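Asks: Next comes the structure file work-v2.txt, holding compact mmCIF, C-alpha atoms (C1' of nucleotides).
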```
# COMPACT_ATOMS: atom_id res chain seq x y z
CA MET A 1 45.58 -27.61 -79.99
CA VAL A 2 43.19 -25.25 -78.36
CA ASP A 3 45.25 -22.60 -76.75
CA LYS A 4 42.66 -20.11 -75.57
CA PHE A 5 39.64 -20.57 -73.35
CA VAL A 6 37.73 -17.40 -73.78
CA SER A 7 34.86 -17.89 -71.36
CA SER A 8 34.52 -19.53 -68.01
CA ALA A 9 31.31 -21.04 -69.32
CA SER A 10 33.27 -23.56 -71.32
CA ARG A 11 35.90 -24.96 -69.04
CA PRO A 12 36.66 -28.44 -70.25
CA PHE A 13 39.48 -28.67 -67.72
CA GLY A 14 37.66 -27.07 -64.81
CA PRO A 15 39.00 -24.19 -62.78
CA SER A 16 42.38 -25.82 -62.30
CA LEU A 17 43.64 -24.54 -65.59
CA GLU A 18 42.87 -20.94 -64.76
CA ARG A 19 44.25 -21.36 -61.31
CA LEU A 20 47.57 -22.46 -62.73
CA ARG A 21 47.56 -19.77 -65.41
CA ALA A 22 46.79 -17.10 -62.83
CA ALA A 23 49.73 -18.34 -60.76
CA GLY A 24 52.02 -18.12 -63.76
CA LEU A 25 52.53 -21.86 -63.97
CA ARG A 26 52.34 -23.51 -67.33
CA PRO A 27 49.39 -25.88 -67.19
CA THR A 28 51.00 -29.15 -68.06
CA ARG A 29 49.18 -32.44 -67.98
CA GLN A 30 50.81 -33.46 -64.70
CA ARG A 31 50.20 -30.16 -62.93
CA LEU A 32 46.60 -30.12 -64.06
CA ALA A 33 46.01 -33.66 -62.89
CA LEU A 34 47.60 -33.04 -59.50
CA ALA A 35 45.75 -29.75 -59.12
CA LYS A 36 42.48 -31.57 -59.73
CA LEU A 37 43.31 -34.11 -57.06
CA LEU A 38 44.34 -31.40 -54.61
CA PHE A 39 41.91 -28.55 -55.18
CA ASN A 40 38.67 -30.44 -55.18
CA GLY A 41 37.07 -28.16 -52.63
CA ILE A 42 38.03 -30.22 -49.62
CA ASP A 43 40.99 -28.94 -47.65
CA CYS A 44 43.64 -31.57 -47.54
CA HIS A 45 46.93 -32.23 -45.85
CA ILE A 46 49.13 -34.54 -47.79
CA SER A 47 52.68 -35.79 -48.16
CA ALA A 48 54.47 -36.10 -51.48
CA GLU A 49 54.50 -39.86 -51.22
CA ALA A 50 50.78 -39.99 -50.45
CA LEU A 51 49.91 -37.70 -53.34
CA HIS A 52 52.00 -39.81 -55.64
CA GLU A 53 50.10 -42.91 -54.57
CA GLU A 54 46.80 -41.12 -54.96
CA ALA A 55 47.79 -40.09 -58.46
CA GLU A 56 48.77 -43.62 -59.41
CA ALA A 57 45.50 -44.92 -58.01
CA ALA A 58 43.71 -42.41 -60.20
CA GLY A 59 45.61 -43.66 -63.21
CA ILE A 60 47.77 -40.57 -63.52
CA ARG A 61 51.28 -41.26 -64.64
CA VAL A 62 53.61 -38.89 -62.72
CA SER A 63 57.02 -39.43 -61.29
CA LEU A 64 57.63 -38.85 -57.60
CA ALA A 65 60.21 -36.19 -58.46
CA THR A 66 57.56 -34.28 -60.38
CA VAL A 67 55.17 -34.56 -57.46
CA TYR A 68 57.82 -33.00 -55.22
CA ASN A 69 58.52 -30.29 -57.79
CA THR A 70 54.84 -29.57 -58.21
CA LEU A 71 54.12 -29.36 -54.48
CA HIS A 72 57.00 -26.96 -54.03
CA GLN A 73 55.95 -24.89 -57.02
CA PHE A 74 52.36 -24.72 -55.77
CA THR A 75 53.73 -23.64 -52.40
CA ALA A 76 56.02 -21.03 -53.96
CA VAL A 77 53.13 -19.36 -55.78
CA GLY A 78 50.86 -19.47 -52.76
CA LEU A 79 48.45 -22.18 -53.86
CA MET A 80 49.52 -24.37 -50.93
CA ARG A 81 51.60 -24.11 -47.84
CA GLU A 82 53.96 -26.47 -46.10
CA ILE A 83 53.29 -27.65 -42.58
CA VAL A 84 56.18 -28.82 -40.45
CA VAL A 85 55.03 -31.29 -37.82
CA ASP A 86 57.23 -34.28 -38.42
CA SER A 87 60.97 -34.05 -38.86
CA GLN A 88 60.94 -37.02 -41.21
CA ARG A 89 58.32 -36.01 -43.72
CA SER A 90 56.86 -32.87 -45.28
CA TYR A 91 53.16 -32.17 -45.37
CA PHE A 92 51.44 -29.73 -47.69
CA ASP A 93 48.13 -28.02 -47.03
CA THR A 94 45.67 -26.79 -49.63
CA ASN A 95 44.25 -24.35 -47.11
CA VAL A 96 46.45 -21.29 -47.40
CA SER A 97 44.36 -19.04 -45.19
CA ASP A 98 45.52 -18.19 -41.70
CA HIS A 99 44.87 -21.18 -39.45
CA HIS A 100 46.50 -23.73 -37.21
CA HIS A 101 46.56 -27.50 -36.71
CA PHE A 102 45.80 -30.44 -34.56
CA PHE A 103 48.30 -33.21 -35.20
CA HIS A 104 47.34 -36.76 -34.26
CA GLU A 105 50.73 -38.22 -33.53
CA SER A 106 49.54 -41.81 -33.57
CA THR A 107 48.13 -41.55 -37.07
CA SER A 108 50.18 -38.65 -38.48
CA ARG A 109 46.88 -37.05 -39.45
CA LEU A 110 46.40 -33.29 -39.52
CA GLN A 111 43.24 -31.34 -38.81
CA ASP A 112 42.59 -27.63 -39.21
CA ILE A 113 41.94 -25.24 -36.36
CA PRO A 114 40.41 -21.99 -37.63
CA ALA A 115 42.48 -18.91 -36.86
CA GLU A 116 39.57 -17.46 -34.89
CA ASP A 117 39.74 -20.39 -32.50
CA VAL A 118 43.23 -19.57 -31.31
CA ARG A 119 44.44 -16.35 -29.87
CA VAL A 120 48.15 -15.88 -29.52
CA ALA A 121 48.53 -12.98 -27.16
CA ARG A 122 51.31 -11.09 -25.50
CA LEU A 123 53.89 -12.25 -27.98
CA PRO A 124 57.22 -10.56 -27.33
CA ALA A 125 58.60 -8.31 -30.04
CA PRO A 126 60.74 -10.18 -32.55
CA PRO A 127 64.49 -9.66 -32.21
CA ALA A 128 65.97 -6.66 -34.01
CA GLY A 129 66.41 -7.12 -37.73
CA ALA A 130 63.78 -9.83 -37.87
CA ARG A 131 60.17 -9.79 -38.91
CA VAL A 132 57.47 -12.31 -38.13
CA LYS A 133 56.80 -14.35 -41.22
CA ARG A 134 54.20 -16.67 -39.75
CA ILE A 135 53.03 -18.09 -36.47
CA ASP A 136 52.41 -21.81 -36.39
CA VAL A 137 50.41 -23.32 -33.57
CA ILE A 138 50.54 -27.10 -33.49
CA VAL A 139 48.41 -28.89 -30.95
CA ARG A 140 49.92 -32.35 -30.66
CA LEU A 141 47.40 -35.02 -29.75
CA GLU A 142 47.86 -38.48 -28.36
CA GLU A 143 45.27 -41.15 -27.90
CA LYS A 144 43.33 -41.07 -24.70
CA GLU A 145 44.36 -44.31 -22.91
CA MET B 1 67.34 -24.52 -11.76
CA VAL B 2 70.91 -23.44 -11.13
CA ASP B 3 71.02 -25.03 -7.68
CA LYS B 4 72.42 -28.18 -9.25
CA PHE B 5 75.83 -26.60 -9.14
CA VAL B 6 75.70 -25.70 -5.46
CA SER B 7 77.23 -28.83 -4.04
CA SER B 8 79.26 -29.80 -7.04
CA ALA B 9 82.33 -30.04 -4.81
CA SER B 10 81.08 -33.36 -3.50
CA ARG B 11 80.39 -34.66 -7.00
CA PRO B 12 83.57 -35.72 -8.74
CA PHE B 13 81.77 -36.23 -12.03
CA GLY B 14 79.61 -33.16 -11.73
CA PRO B 15 75.85 -33.30 -11.70
CA SER B 16 75.70 -35.16 -14.99
CA LEU B 17 76.34 -38.50 -13.40
CA GLU B 18 73.50 -38.15 -10.96
CA ARG B 19 71.26 -36.77 -13.62
CA LEU B 20 71.81 -39.87 -15.73
CA ARG B 21 71.45 -42.22 -12.76
CA ALA B 22 68.23 -40.52 -11.71
CA ALA B 23 66.91 -40.98 -15.21
CA GLY B 24 67.79 -44.65 -15.14
CA LEU B 25 70.46 -44.37 -17.81
CA ARG B 26 73.74 -46.13 -17.26
CA PRO B 27 76.37 -43.39 -17.11
CA THR B 28 78.71 -44.42 -19.86
CA ARG B 29 81.66 -42.34 -20.93
CA GLN B 30 79.85 -41.12 -24.04
CA ARG B 31 76.62 -40.24 -22.28
CA LEU B 32 78.47 -38.41 -19.55
CA ALA B 33 80.54 -36.44 -22.01
CA LEU B 34 77.52 -35.46 -24.09
CA ALA B 35 75.54 -34.58 -20.97
CA LYS B 36 78.33 -32.27 -19.87
CA LEU B 37 78.30 -30.53 -23.22
CA LEU B 38 74.52 -30.22 -23.17
CA PHE B 39 73.63 -29.48 -19.56
CA ASN B 40 76.11 -26.75 -18.82
CA GLY B 41 73.48 -24.39 -17.50
CA ILE B 42 72.83 -22.64 -20.78
CA ASP B 43 69.71 -23.71 -22.61
CA CYS B 44 70.64 -24.96 -26.00
CA HIS B 45 68.97 -26.03 -29.20
CA ILE B 46 71.06 -28.39 -31.20
CA SER B 47 70.98 -30.90 -34.01
CA ALA B 48 72.60 -34.31 -33.82
CA GLU B 49 75.16 -33.36 -36.42
CA ALA B 50 76.05 -30.15 -34.58
CA LEU B 51 76.41 -31.95 -31.25
CA HIS B 52 78.61 -34.53 -32.90
CA GLU B 53 80.86 -31.80 -34.24
CA GLU B 54 80.92 -30.08 -30.88
CA ALA B 55 81.95 -33.35 -29.25
CA GLU B 56 84.73 -33.91 -31.74
CA ALA B 57 85.95 -30.35 -31.20
CA ALA B 58 86.05 -31.10 -27.48
CA GLY B 59 88.12 -34.19 -28.14
CA ILE B 60 85.33 -36.61 -27.31
CA ARG B 61 85.28 -39.72 -29.42
CA VAL B 62 81.65 -40.58 -30.17
CA SER B 63 80.02 -41.93 -33.27
CA LEU B 64 77.17 -40.05 -34.88
CA ALA B 65 74.90 -43.04 -34.35
CA THR B 66 75.57 -42.85 -30.63
CA VAL B 67 74.83 -39.14 -30.63
CA TYR B 68 71.45 -39.89 -32.21
CA ASN B 69 70.79 -42.68 -29.75
CA THR B 70 71.77 -40.51 -26.84
CA LEU B 71 69.64 -37.56 -27.87
CA HIS B 72 66.63 -39.84 -28.27
CA GLN B 73 67.30 -41.51 -24.94
CA PHE B 74 67.64 -38.16 -23.20
CA THR B 75 64.38 -37.13 -24.82
CA ALA B 76 62.63 -40.34 -23.82
CA VAL B 77 63.51 -39.86 -20.16
CA GLY B 78 62.55 -36.20 -20.19
CA LEU B 79 65.99 -34.63 -20.00
CA MET B 80 65.46 -32.99 -23.37
CA ARG B 81 62.72 -32.44 -25.87
CA GLU B 82 62.58 -32.47 -29.62
CA ILE B 83 61.54 -29.38 -31.54
CA VAL B 84 60.13 -29.80 -35.01
CA VAL B 85 60.71 -26.70 -37.10
CA ASP B 86 62.47 -28.05 -40.13
CA SER B 87 61.30 -31.10 -42.02
CA GLN B 88 64.86 -31.96 -42.97
CA ARG B 89 66.56 -31.95 -39.62
CA SER B 90 65.75 -32.63 -35.96
CA TYR B 91 66.53 -30.19 -33.20
CA PHE B 92 66.73 -31.01 -29.52
CA ASP B 93 66.24 -28.59 -26.67
CA THR B 94 67.75 -28.83 -23.19
CA ASN B 95 64.96 -26.66 -21.85
CA VAL B 96 62.16 -29.07 -21.05
CA SER B 97 59.94 -26.57 -19.29
CA ASP B 98 56.83 -25.24 -20.97
CA HIS B 99 57.88 -22.66 -23.53
CA HIS B 100 57.81 -21.79 -27.22
CA HIS B 101 60.20 -20.70 -29.95
CA PHE B 102 61.29 -18.10 -32.38
CA PHE B 103 62.81 -19.74 -35.44
CA HIS B 104 65.12 -17.65 -37.60
CA GLU B 105 64.57 -19.30 -40.96
CA SER B 106 67.60 -17.70 -42.58
CA THR B 107 70.01 -19.05 -40.00
CA SER B 108 68.07 -22.09 -38.70
CA ARG B 109 68.62 -20.69 -35.22
CA LEU B 110 66.12 -21.21 -32.40
CA GLN B 111 65.37 -18.88 -29.52
CA ASP B 112 63.15 -19.48 -26.51
CA ILE B 113 59.95 -17.65 -25.82
CA PRO B 114 58.88 -18.08 -22.19
CA ALA B 115 55.49 -19.70 -21.76
CA GLU B 116 54.26 -16.62 -19.92
CA ASP B 117 54.91 -14.53 -22.99
CA VAL B 118 52.41 -16.41 -25.11
CA ARG B 119 48.80 -16.96 -24.37
CA VAL B 120 46.99 -19.52 -26.46
CA ALA B 121 43.33 -18.86 -25.83
CA ARG B 122 40.01 -20.19 -26.97
CA LEU B 123 41.48 -23.45 -28.20
CA PRO B 124 38.73 -25.78 -29.35
CA ALA B 125 38.28 -29.05 -27.49
CA PRO B 126 40.39 -31.86 -28.92
CA PRO B 127 38.53 -34.44 -30.97
CA ALA B 128 36.96 -37.33 -29.08
CA GLY B 129 39.39 -40.00 -28.01
CA ALA B 130 42.33 -37.64 -28.15
CA ARG B 131 44.17 -35.72 -25.48
CA VAL B 132 46.42 -32.72 -25.88
CA LYS B 133 49.99 -33.84 -25.44
CA ARG B 134 51.65 -30.51 -26.07
CA ILE B 135 51.10 -27.19 -27.76
CA ASP B 136 53.93 -25.89 -29.89
CA VAL B 137 53.98 -22.29 -30.93
CA ILE B 138 56.61 -21.50 -33.53
CA VAL B 139 57.09 -17.92 -34.56
CA ARG B 140 58.89 -18.06 -37.88
CA LEU B 141 61.12 -15.09 -38.51
CA GLU B 142 62.60 -13.75 -41.71
CA GLU B 143 65.13 -11.00 -42.14
CA LYS B 144 63.77 -7.51 -42.29
CA GLU B 145 64.15 -5.90 -45.76
C1' DG C 1 80.54 -62.71 -16.22
C1' DT C 2 76.33 -60.67 -18.18
C1' DG C 3 73.64 -57.63 -20.29
C1' DA C 4 73.71 -52.89 -21.80
C1' DT C 5 76.10 -49.79 -24.89
C1' DT C 6 79.02 -48.53 -28.67
C1' DG C 7 81.23 -48.09 -33.29
C1' DC C 8 81.18 -48.87 -37.83
C1' DA C 9 79.44 -49.51 -42.11
C1' DA C 10 75.61 -50.65 -44.52
C1' DA C 11 70.78 -49.94 -45.06
C1' DT C 12 66.70 -47.08 -45.26
C1' DC C 13 64.00 -43.25 -46.18
C1' DT C 14 62.96 -38.76 -47.85
C1' DT C 15 64.14 -35.36 -50.97
C1' DT C 16 67.05 -33.36 -54.69
C1' DT C 17 69.70 -33.34 -58.98
C1' DG C 18 71.59 -34.15 -63.70
C1' DC C 19 70.42 -34.90 -68.05
C1' DA C 20 68.22 -36.59 -72.14
C1' DC C 21 63.59 -36.28 -73.76
C1' DT C 22 58.84 -34.30 -74.36
C1' DA C 23 55.52 -30.95 -74.71
C1' DA C 24 53.48 -26.17 -74.16
C1' DA C 25 53.48 -21.71 -76.32
C1' DT D 1 61.10 -23.28 -82.64
C1' DT D 2 62.14 -22.35 -78.12
C1' DT D 3 62.13 -23.14 -73.50
C1' DA D 4 59.84 -24.94 -69.57
C1' DG D 5 58.70 -29.19 -67.68
C1' DT D 6 59.20 -34.26 -67.05
C1' DG D 7 60.98 -39.02 -66.05
C1' DC D 8 64.40 -41.76 -64.53
C1' DA D 9 68.00 -43.20 -62.08
C1' DA D 10 71.55 -41.74 -59.37
C1' DA D 11 72.98 -38.74 -55.58
C1' DA D 12 72.60 -36.53 -51.34
C1' DG D 13 71.36 -36.02 -46.56
C1' DA D 14 69.46 -37.46 -42.32
C1' DT D 15 68.52 -41.19 -39.51
C1' DT D 16 68.45 -46.19 -38.32
C1' DT D 17 70.01 -50.83 -37.93
C1' DG D 18 72.80 -55.20 -37.46
C1' DC D 19 76.35 -57.13 -35.28
C1' DA D 20 80.82 -57.86 -33.20
C1' DA D 21 83.57 -55.57 -29.77
C1' DT D 22 83.57 -53.10 -25.34
C1' DC D 23 82.12 -51.36 -21.00
C1' DA D 24 79.44 -50.75 -16.55
C1' DC D 25 78.08 -53.12 -12.80
```
As structure tokens, please, write out the structure in this file.
Replies:
Amino acid sequence: MVDKFVSSASRPFGPSLERLRAAGLRPTRQRLALAKLLFNGIDCHISAEALHEEAEAAGIRVSLATVYNTLHQFTAVGLMREIVVDSQRSYFDTNVSDHHHFFHESTSRLQDIPAEDVRVARLPAPPAGARVKRIDVIVRLEEKE
Amino acid sequence: MVDKFVSSASRPFGPSLERLRAAGLRPTRQRLALAKLLFNGIDCHISAEALHEEAEAAGIRVSLATVYNTLHQFTAVGLMREIVVDSQRSYFDTNVSDHHHFFHESTSRLQDIPAEDVRVARLPAPPAGARVKRIDVIVRLEEKE
DNA sequence: GTGATTGCAAATCTTTTGCACTAAA
DNA sequence: TTTAGTGCAAAAGATTTGCAATCAC
């Protein structure tokens, strides 16, 4: 088995492999396959169930438990982040840069709002002993009539 | 906001009964008891499970299913609102005025931020066909050091 | 009385866990 | 070989549902 890819010129598995290696995650078949689905250059917001279905549709054999594990691992190492908009289901976002979201409640679809497009001003100081970890702005949308 | 207690002398069941009637909800024993726990003048953020425990501690006999029903009914008629901060558990807020939240992740505790203390500026226009239903700002806090 | 409301237990749904098995290093 | 990672099925929580019993009006 080839265990070293010396140059980026020959990347039979694409950049996903290096991405996982750089994050300290062992590049297993399942992680590589999911990474390829997720980090294809298009920012995506997805639930575990949806990713599992997408994987099956792509002919990738992964268990749902592994999809959950993988999404949480990717989140833990900063490759993704979790978005909390629905108390029944978790969504994960491949865009880890500072930004916010529109949430279409009727379709449960998420859409990015660049950080520059929102200014959160005059925020009171956090209570003593606490530090701001992140500010989430969720603009909930409903259908117009 | 506190003027509801002014003429409580003439209201044998307190303001809860009228509050329910005004909302078009039949004032059953369970709804009245939960309303009294919830609308005591202090804004509170609570989960269904926690309210159920609080009710039991107060000697009120209510099933958890009824607590869920009641919280959703109160929310539907505008007496409360749901706050989504944790994908595993729902929180309900007795403060239905426009405001935002600090969320202490280590303790799962919520704290109000008055609307005046946050300015969300330069928000892009919502996509066509959609209307802004609400803007939620959640300031996630972690413990310092 | 009549229809709304409740309790209870079972069902559902999402997410996690335990453990034997497989695969990366 | 050695240990991390995986699948599977079962478990765990949170929430909902179905239906007979009960309550408000």
Asks: Pairing every Cα of chain B with chain A in order, what RMSD remains after the least-squares superposition?
Replies: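 That gives an RMSD of 4.5 Å.
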Asks: Pull out every residue of chain B that has at least one atom within 10 Å of chain C, counting all atoms listed in the file, and report them as a list in words.
Replies: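 Filtering chain B at 10 Å from chain C with all atoms listed in the file gives Leu25, Arg26, Thr28, Gln30, Arg31, Val62, Ser63, Leu64, Ala65, Thr66, Ser87 and Gln88 of chain B.
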Asks: Would you mind telling me which residue in D:DA10, D:DC25, D:DA4, D:DA20 lies nearest to chain B when using only C-alpha atoms (C1' of nucleotides)?
Replies: D:DC25
Asks: Using all atoms listed in the file, which residues sit within 6 Å of Thr94 (chain B) once same-chain residues fewer than 5 positions away are excluded, as a list of chain:residue names?
Replies: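 Result of the neighbour search: B:Asp43, B:Cys44, B:Met80.
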Asks: One decimal, Å: what's the distance from CA of Leu32 (chain A) over to CA of Ala55 (chain A), could you say?
Replies: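 One can read the CA of Leu32 (chain A) to CA of Ala55 (chain A) distance as 11.5 Å.
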Asks: Starting from chain D, keep only residues with some atom at most 9 Å from an atom of chain B, counting only C-alpha atoms (C1' of nucleotides), and report them as JSON, numbers by chain.
Replies: {"D": [13, 14, 15, 16, 23, 24]}
Asks: Please identify all residues of chain B having at least one atom at most 8 Å from any atom of chain A, considering only C-alpha atoms, and return them as a ChimeraX atom specification.
Replies: /B:84-90,102,104,113,117-124,126,129-144
Asks: Do you know which residues lie at most 6 Å from (43.4, -37.2, -59.6), with coordinates as in the file and all atoms listed in the file counted, and could you write them as a PyMOL selection string?
Replies: chain A and resi 33-34+36-37+55+58
Asks: Calculate, to one decimal in Å, the centre and edge lengths of the box along x, y and z of the file that holds all listed atoms of region 53-64 of chain A with 5 Å of margin on each side, and present them as lines of an AutoDock Vina configuration file.
Replies:
```
center_x = 50.7
center_y = -41.9
center_z = -59.6
size_x = 23.9
size_y = 16.1
size_z = 20.1
```
Asks: Separation of CA of Leu110 (chain B) and CA of Thr70 (chain B), in Å?
Replies: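 Those two atoms sit 20.9 Å apart.
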Asks: Using Å and a single decimal, report how far CA of Gly59 (chain A) sits from C1' of DT3 (chain D).
Replies: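 These atoms are spaced 28.3 Å apart.
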